[in-house]
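S.K.: Structure file structure.txt, compact mmCIF, C-alpha atoms, is pasted below:
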```
# COMPACT_ATOMS: atom_id res chain seq x y z
CA MET A 1 -29.20 17.26 11.51
CA THR A 2 -26.71 15.03 9.69
CA LEU A 3 -23.62 13.64 11.37
CA VAL A 4 -21.38 15.95 9.31
CA SER A 5 -23.36 19.08 10.22
CA ARG A 6 -23.47 18.01 13.87
CA LEU A 7 -19.70 17.63 13.92
CA LYS A 8 -19.28 21.05 12.29
CA THR A 9 -21.60 22.60 14.86
CA THR A 10 -19.70 20.97 17.71
CA THR A 11 -16.39 22.21 16.31
CA LEU A 12 -17.72 25.76 16.00
CA SER A 13 -19.05 25.67 19.56
CA MET A 14 -15.75 24.39 20.91
CA GLY A 15 -13.98 27.17 19.03
CA ARG A 16 -16.25 29.68 20.72
CA THR A 17 -15.49 27.94 23.99
CA ALA A 18 -11.91 29.17 23.56
CA VAL A 19 -13.23 32.71 23.49
CA GLY A 20 -15.35 32.01 26.56
CA VAL A 21 -12.22 30.79 28.30
CA ALA A 22 -10.56 34.10 27.52
CA LEU A 23 -13.41 35.82 29.36
CA GLY A 24 -13.59 33.29 32.17
CA ILE A 25 -10.05 32.71 33.39
CA SER A 26 -7.25 35.18 34.12
CA LEU A 27 -4.65 32.62 33.13
CA ALA A 28 -5.44 33.37 29.47
CA ALA A 29 -4.00 36.87 29.82
CA ALA A 30 -0.95 35.58 31.67
CA LEU A 31 -0.21 33.17 28.83
CA LEU A 32 -0.75 35.90 26.26
CA ALA A 33 1.74 38.09 28.10
CA GLY A 34 4.28 35.27 28.25
CA ALA A 35 3.91 33.91 24.71
CA PRO A 36 6.21 36.39 23.00
CA ARG A 37 8.97 35.80 25.53
CA ALA A 38 8.51 32.05 25.27
CA PHE A 39 8.85 31.74 21.49
CA ALA A 40 9.80 34.96 19.73
CA GLN A 41 13.39 35.77 18.91
CA ASP A 42 12.86 39.45 19.69
CA ALA A 43 10.10 39.88 22.23
CA ALA A 44 8.07 43.07 22.30
CA PRO A 45 8.93 45.50 25.08
CA ALA A 46 6.71 45.68 28.12
CA HIS A 47 3.92 48.24 27.91
CA ASP A 48 2.99 50.84 30.45
CA HIS A 49 -0.43 50.38 31.99
CA ALA A 50 -2.93 51.82 29.55
CA ALA A 51 -5.26 54.69 30.30
CA ILE A 52 -8.96 53.90 30.39
CA VAL A 53 -10.93 55.24 27.41
CA GLN A 54 -14.33 56.50 28.53
CA ALA A 55 -17.41 54.65 27.29
CA THR A 56 -19.93 56.58 25.22
CA GLY A 57 -22.93 55.10 27.10
CA ASP A 58 -23.31 53.49 30.51
CA GLY A 59 -20.34 51.19 29.95
CA PRO A 60 -19.86 47.66 31.34
CA ALA A 61 -22.34 46.24 33.82
CA LEU A 62 -21.90 46.75 37.56
CA TRP A 63 -23.79 45.14 40.43
CA SER A 64 -23.81 45.65 44.19
CA ILE A 65 -24.74 43.68 47.29
CA SER A 66 -25.33 45.44 50.59
CA ASP A 67 -26.36 44.89 54.17
CA ALA A 68 -26.32 47.15 57.22
CA ASP A 69 -22.55 47.60 57.32
CA SER A 70 -21.21 46.21 54.03
CA THR A 71 -21.30 47.01 50.33
CA LEU A 72 -19.79 44.70 47.74
CA TYR A 73 -19.49 45.71 44.08
CA LEU A 74 -19.37 43.02 41.37
CA PHE A 75 -17.73 44.03 38.10
CA GLY A 76 -17.25 41.80 35.06
CA THR A 77 -13.94 42.12 33.25
CA VAL A 78 -12.19 41.19 30.03
CA HIS A 79 -8.68 39.91 30.68
CA VAL A 80 -7.21 41.29 27.44
CA LEU A 81 -8.32 44.39 25.54
CA ARG A 82 -7.23 46.71 22.77
CA PRO A 83 -5.81 49.89 24.32
CA ASP A 84 -8.48 51.99 22.59
CA THR A 85 -11.47 49.97 23.83
CA PRO A 86 -13.86 52.44 25.52
CA TRP A 87 -15.01 51.05 28.87
CA GLY A 88 -14.50 53.72 31.51
CA SER A 89 -17.57 54.97 33.40
CA ALA A 90 -18.37 57.26 36.29
CA LYS A 91 -20.29 54.54 38.14
CA VAL A 92 -17.34 52.13 38.06
CA ASP A 93 -14.93 54.89 39.08
CA ALA A 94 -17.17 55.84 42.01
CA ALA A 95 -17.52 52.21 43.15
CA PHE A 96 -13.79 51.60 42.86
CA ASP A 97 -12.84 54.81 44.66
CA ALA A 98 -15.31 54.10 47.48
CA SER A 99 -13.92 50.60 48.04
CA GLN A 100 -11.39 49.92 50.78
CA ASN A 101 -10.02 46.80 49.13
CA VAL A 102 -10.05 45.10 45.73
CA ILE A 103 -10.46 41.41 44.92
CA PHE A 104 -9.69 39.78 41.55
CA GLU A 105 -9.86 36.15 40.42
CA ILE A 106 -6.15 35.97 41.25
CA SER A 107 -4.03 38.62 42.89
CA ASN A 108 -1.04 38.22 40.55
CA PRO A 109 -2.26 37.96 36.92
CA ASP A 110 0.98 39.57 35.72
CA ASP A 111 3.39 37.34 37.65
CA GLN A 112 5.21 35.25 35.05
CA SER A 113 7.60 33.91 37.70
CA ALA A 114 4.65 32.24 39.45
CA LEU A 115 3.26 30.83 36.21
CA MET A 116 6.35 29.19 34.76
CA PRO A 117 6.87 26.55 37.50
CA LEU A 118 3.20 25.58 37.18
CA ILE A 119 3.58 25.15 33.42
CA GLN A 120 6.55 22.88 34.10
CA GLN A 121 4.50 20.84 36.59
CA TYR A 122 1.11 20.63 34.87
CA GLY A 123 1.71 21.53 31.23
CA LEU A 124 4.37 19.06 30.12
CA SER A 125 3.88 15.45 29.08
CA PRO A 126 7.02 14.29 27.22
CA GLN A 127 6.03 10.66 27.74
CA THR A 128 2.92 11.31 25.60
CA PRO A 129 4.03 13.78 22.91
CA LEU A 130 1.36 15.78 21.16
CA SER A 131 2.43 14.28 17.83
CA SER A 132 1.24 10.88 19.07
CA LEU A 133 -2.27 12.24 19.65
CA LEU A 134 -2.86 14.23 16.47
CA THR A 135 -3.17 13.29 12.81
CA PRO A 136 -0.55 14.47 10.29
CA GLU A 137 -3.06 17.01 8.99
CA GLU A 138 -3.69 18.35 12.49
CA LEU A 139 0.04 18.59 13.14
CA ALA A 140 0.43 20.60 9.94
CA ASP A 141 -2.33 22.97 11.11
CA LEU A 142 -0.64 23.18 14.51
CA ASP A 143 2.65 24.15 12.89
CA VAL A 144 0.99 26.96 10.94
CA ALA A 145 -0.73 28.26 14.09
CA ALA A 146 2.44 27.97 16.17
CA GLN A 147 4.33 30.12 13.70
CA THR A 148 2.10 33.06 14.63
CA VAL A 149 3.86 33.17 18.01
CA GLY A 150 7.29 32.45 16.55
CA GLY A 151 7.15 28.76 17.39
CA SER A 152 6.59 25.43 15.66
CA ALA A 153 4.70 22.20 16.14
CA ALA A 154 7.94 20.58 17.30
CA GLN A 155 8.26 23.09 20.15
CA PHE A 156 4.71 22.34 21.27
CA ASP A 157 5.23 18.56 21.08
CA PRO A 158 6.12 18.03 24.79
CA LEU A 159 3.15 20.13 25.97
CA ARG A 160 -0.21 18.81 27.12
CA PRO A 161 -3.19 19.58 24.86
CA TRP A 162 -4.87 22.01 27.32
CA LEU A 163 -1.82 24.26 27.39
CA VAL A 164 -1.39 24.29 23.61
CA ALA A 165 -5.12 24.96 23.12
CA LEU A 166 -5.16 27.86 25.57
CA SER A 167 -1.94 29.33 24.22
CA LEU A 168 -3.18 29.20 20.64
CA SER A 169 -6.67 30.43 21.51
CA VAL A 170 -5.17 33.75 22.59
CA ALA A 171 -2.31 33.86 20.05
CA PRO A 172 -4.26 35.57 17.20
CA LEU A 173 -5.32 38.33 19.57
CA THR A 174 -1.87 39.93 19.67
CA LYS A 175 -1.89 40.59 15.93
CA ALA A 176 -5.39 42.03 16.27
CA GLY A 177 -4.15 44.59 18.79
CA TYR A 178 -5.24 42.91 22.01
CA ASP A 179 -2.79 43.48 24.84
CA PRO A 180 -2.76 41.98 28.35
CA ALA A 181 -1.38 45.32 29.62
CA SER A 182 -4.72 46.82 28.58
CA GLY A 183 -6.71 44.12 30.38
CA VAL A 184 -9.07 45.34 33.07
CA GLU A 185 -7.38 43.56 35.98
CA LEU A 186 -3.93 44.95 35.34
CA ILE A 187 -5.22 48.50 34.97
CA LEU A 188 -7.35 48.29 38.11
CA LYS A 189 -4.57 46.57 40.02
CA HIS A 190 -2.24 49.42 39.13
CA ARG A 191 -4.84 51.94 40.29
CA ALA A 192 -5.40 50.04 43.53
CA GLU A 193 -1.69 49.91 44.30
CA GLU A 194 -1.33 53.63 43.62
CA ALA A 195 -4.23 54.31 46.00
CA GLY A 196 -2.85 51.96 48.67
CA LYS A 197 -5.81 49.57 48.47
CA PRO A 198 -5.08 45.94 49.45
CA VAL A 199 -5.38 43.53 46.49
CA THR A 200 -6.29 39.86 47.01
CA GLY A 201 -7.68 36.98 44.94
CA LEU A 202 -10.67 34.66 45.16
CA GLU A 203 -8.34 31.84 44.11
CA THR A 204 -4.70 31.31 43.17
CA ILE A 205 -2.98 30.99 39.82
CA ASP A 206 -2.09 27.44 40.94
CA ARG A 207 -5.78 26.63 41.15
CA GLN A 208 -6.49 28.00 37.68
CA VAL A 209 -3.76 25.86 36.15
CA GLU A 210 -4.99 22.79 38.07
CA ILE A 211 -8.53 23.29 36.73
CA LEU A 212 -7.42 23.20 33.10
CA ALA A 213 -4.87 20.46 33.67
CA GLY A 214 -7.59 18.38 35.32
CA LEU A 215 -9.76 18.23 32.20
CA SER A 216 -9.98 14.79 30.63
CA GLN A 217 -7.58 14.15 27.76
CA GLU A 218 -10.54 13.70 25.42
CA THR A 219 -11.82 17.19 26.30
CA GLN A 220 -8.35 18.72 26.09
CA LEU A 221 -7.90 17.31 22.59
CA ALA A 222 -11.37 18.48 21.51
CA PHE A 223 -10.47 21.95 22.80
CA LEU A 224 -7.20 21.89 20.85
CA ARG A 225 -8.73 20.60 17.62
CA ALA A 226 -11.48 23.21 17.75
CA THR A 227 -8.92 25.95 18.45
CA LEU A 228 -6.99 24.91 15.32
CA GLU A 229 -10.19 24.69 13.27
CA ASP A 230 -11.41 28.09 14.43
CA PHE A 231 -8.01 29.79 14.62
CA ASP A 232 -8.73 32.47 12.04
CA GLU A 233 -12.10 33.37 13.61
CA ALA A 234 -10.95 33.85 17.21
CA THR A 235 -10.55 37.61 16.92
CA THR A 236 -14.00 38.09 15.39
CA GLU A 237 -15.63 36.11 18.18
CA LEU A 238 -13.79 38.02 20.90
CA ASP A 239 -14.61 41.34 19.23
CA THR A 240 -18.31 40.46 19.51
CA LEU A 241 -17.98 39.68 23.19
CA VAL A 242 -15.83 42.71 24.00
CA ASN A 243 -18.28 45.05 22.27
CA ALA A 244 -21.14 43.50 24.23
CA TRP A 245 -19.20 43.80 27.49
CA ALA A 246 -18.26 47.44 26.87
CA GLU A 247 -21.94 48.28 26.28
CA GLY A 248 -23.21 46.36 29.32
CA ASP A 249 -24.97 43.79 27.09
CA VAL A 250 -24.92 40.84 29.48
CA GLU A 251 -27.40 38.85 27.39
CA THR A 252 -24.98 38.70 24.44
CA ILE A 253 -22.14 37.66 26.75
CA ASN A 254 -24.37 34.87 28.00
CA ARG A 255 -25.49 33.79 24.53
CA VAL A 256 -22.13 33.93 22.73
CA GLY A 257 -19.69 33.21 25.55
CA VAL A 258 -21.47 31.21 28.24
CA LEU A 259 -24.16 29.17 26.50
CA GLU A 260 -21.81 28.26 23.64
CA MET A 261 -19.32 26.94 26.18
CA ARG A 262 -22.02 24.84 27.85
CA ARG A 263 -23.30 23.54 24.52
CA ALA A 264 -19.83 22.52 23.44
CA SER A 265 -18.56 20.91 26.64
CA GLN A 266 -20.38 20.44 29.92
CA GLU A 267 -17.07 19.41 31.45
CA ILE A 268 -15.38 22.70 30.57
CA TYR A 269 -18.48 24.68 31.56
CA ASP A 270 -18.66 23.06 34.99
CA ALA A 271 -14.91 23.31 35.58
CA LEU A 272 -14.50 26.93 34.50
CA LEU A 273 -17.81 28.43 35.56
CA THR A 274 -20.33 26.48 37.67
CA ARG A 275 -18.05 25.12 40.39
CA ARG A 276 -15.93 28.25 40.64
CA ASN A 277 -18.99 30.52 40.74
CA THR A 278 -20.38 28.47 43.61
CA VAL A 279 -17.15 28.72 45.59
CA TRP A 280 -16.94 32.45 44.91
CA ALA A 281 -20.54 32.95 46.05
CA ASP A 282 -19.57 31.28 49.33
CA GLN A 283 -16.65 33.69 49.71
CA ILE A 284 -18.79 36.70 48.85
CA GLN A 285 -21.30 35.79 51.55
CA THR A 286 -18.45 35.51 54.05
CA ILE A 287 -17.18 38.96 53.04
CA LEU A 288 -20.71 40.35 53.29
CA ALA A 289 -20.93 39.09 56.86
CA GLY A 290 -18.08 41.45 57.72
CA SER A 291 -18.07 45.21 57.20
CA GLY A 292 -16.74 47.78 54.75
CA VAL A 293 -16.78 48.38 50.99
CA THR A 294 -15.16 45.89 48.59
CA PHE A 295 -14.71 45.95 44.82
CA ILE A 296 -14.74 42.46 43.24
CA ALA A 297 -13.70 42.11 39.58
CA VAL A 298 -13.90 38.76 37.78
CA GLY A 299 -14.18 37.60 34.19
CA SER A 300 -17.50 38.72 32.71
CA ALA A 301 -18.50 35.15 31.82
CA HIS A 302 -18.89 34.53 35.57
CA LEU A 303 -21.53 37.26 35.81
CA ALA A 304 -23.81 36.13 32.98
CA GLY A 305 -26.37 33.36 32.70
CA ASP A 306 -28.35 31.03 34.92
CA ASP A 307 -25.28 29.78 36.81
CA SER A 308 -23.71 33.20 37.32
CA VAL A 309 -22.42 34.35 40.68
CA GLN A 310 -25.41 36.68 41.02
CA ALA A 311 -27.90 33.91 40.19
CA ILE A 312 -26.37 31.64 42.83
CA LEU A 313 -26.49 34.41 45.43
CA GLU A 314 -30.07 35.34 44.59
CA ALA A 315 -31.11 31.68 44.88
CA ARG A 316 -29.74 31.85 48.44
CA GLY A 317 -31.81 34.92 49.24
CA VAL A 318 -29.08 37.52 48.73
CA GLU A 319 -30.34 40.61 46.92
CA VAL A 320 -28.15 41.73 44.01
CA THR A 321 -28.76 45.13 42.39
CA ARG A 322 -27.58 46.15 38.93
CA HIS A 323 -26.55 49.81 38.53
```
Please go through the file and, once you have read it, give me the structure as structure tokens.
M.R.:
Amino acid sequence: MTLVSRLKTTTLSMGRTAVGVALGISLAAALLAGAPRAFAQDAAPAHDHAAIVQATGDGPALWSISDADSTLYLFGTVHVLRPDTPWGSAKVDAAFDASQNVIFEISNPDDQSALMPLIQQYGLSPQTPLSSLLTPEELADLDVAAQTVGGSAAQFDPLRPWLVALSLSVAPLTKAGYDPASGVELILKHRAEEAGKPVTGLETIDRQVEILAGLSQETQLAFLRATLEDFDEATTELDTLVNAWAEGDVETINRVGVLEMRRASQEIYDALLTRRNTVWADQIQTILAGSGVTFIAVGSAHLAGDDSVQAILEARGVEVTRH
């Protein structure tokens, strides 16, 4: 492989990493929800929580873990969806209805008031403006991309590369009909609240911001450059993953979302998936030691591949059953 082709392959993989991020961290949906209010002159009105369209087959994958007095369901999610994406299924409904409590990655994925102070703390770097880190050509590409959310390269200039990359990686999705109000977590959270089920999180929104802000500057810039390079293809990549998720095709999620992320950046892969999956497996074992029925819903990238939550649990001797 020549140097040029290797660089092109790396750029493509990093672009797909952006899509993997959208499956692997709830913060992506929170930023998508906030982007119109942050930049647009006339923000779109808030949407009601969407109804779930029933899947034509078995629908998304569902797993369970049980002992004598506990059952835990593991359900992979997509944080943003088109309202007409068919993903409802009787097995998920039954598991959700049987559960006494619901756990997401974070308990408040729709709380913009919690996100904004964190952006101020971890997302700004006026002493190192973005324009000092990018070439004139990259800044021109950034300006074109920023215009899709009603902004400009100048408005992004005080922001750190991770925040710009994540914001722009989800920006094309709005035009393609993706809506955070149709994301799985927000719909299930609404259902849980209506049913009086307690809702908690495996981690906090603070932690998710800290993870991305803790990436090296080199990796943040690679993430941003790849997002700009792959900007027009983001929707196609996410469509592939969403279709696989809705059909329960975990192997495609692993191949397109997880393995591409690992191939592009071990640092991002470890930060977003491996370390978090390990911590979550610890928490799941603690919950299992108690009693009752719990529904756990996390980004589907966490439930695919050799370093998935299920794989970690099974390596520890915990039996995980797919339904």
S.K.: Please measure the separation of atom CA of A:Thr240 and atom CA of A:Val170, giving the value in Å to one decimal.
M.R.: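 Those two atoms sit 15.1 Å apart.
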S.K.: How far is it from atom CA of A:Tyr73 to atom CA of A:Phe295, in Å with one decimal?
M.R.: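 Answer for the atom CA of A:Tyr73 to atom CA of A:Phe295 separation: 4.8 Å.
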S.K.: I'd like the contact shell of stretch 307-322 of chain A - 8 Å cut-off, only C-alpha atoms, skipping same-chain residues fewer than 2 positions apart - returned as a list of chain:residue names.
M.R.: A:Ala61, A:Leu62, A:Trp63, A:Ser64, A:Ile65, A:Ser66, A:Leu273, A:Thr274, A:Asn277, A:Thr278, A:Trp280, A:Ala281, A:Ala301, A:His302, A:Leu303, A:Ala304, A:Gly305
S.K.: Would you please work out which residue, of A:Leu168, A:Ile103, A:Leu288, A:Leu74, is nearest to A:Asp230 when using all atoms listed in the file?
M.R.: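 The closest residue to A:Asp230 is A:Leu168.
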S.K.: Provide the atom CA of A:Gln283 to atom CA of A:Asp270 distance in Å, to one decimal place.
M.R.: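 So the two atoms, atom CA of A:Gln283 and atom CA of A:Asp270, lie 18.3 Å apart.
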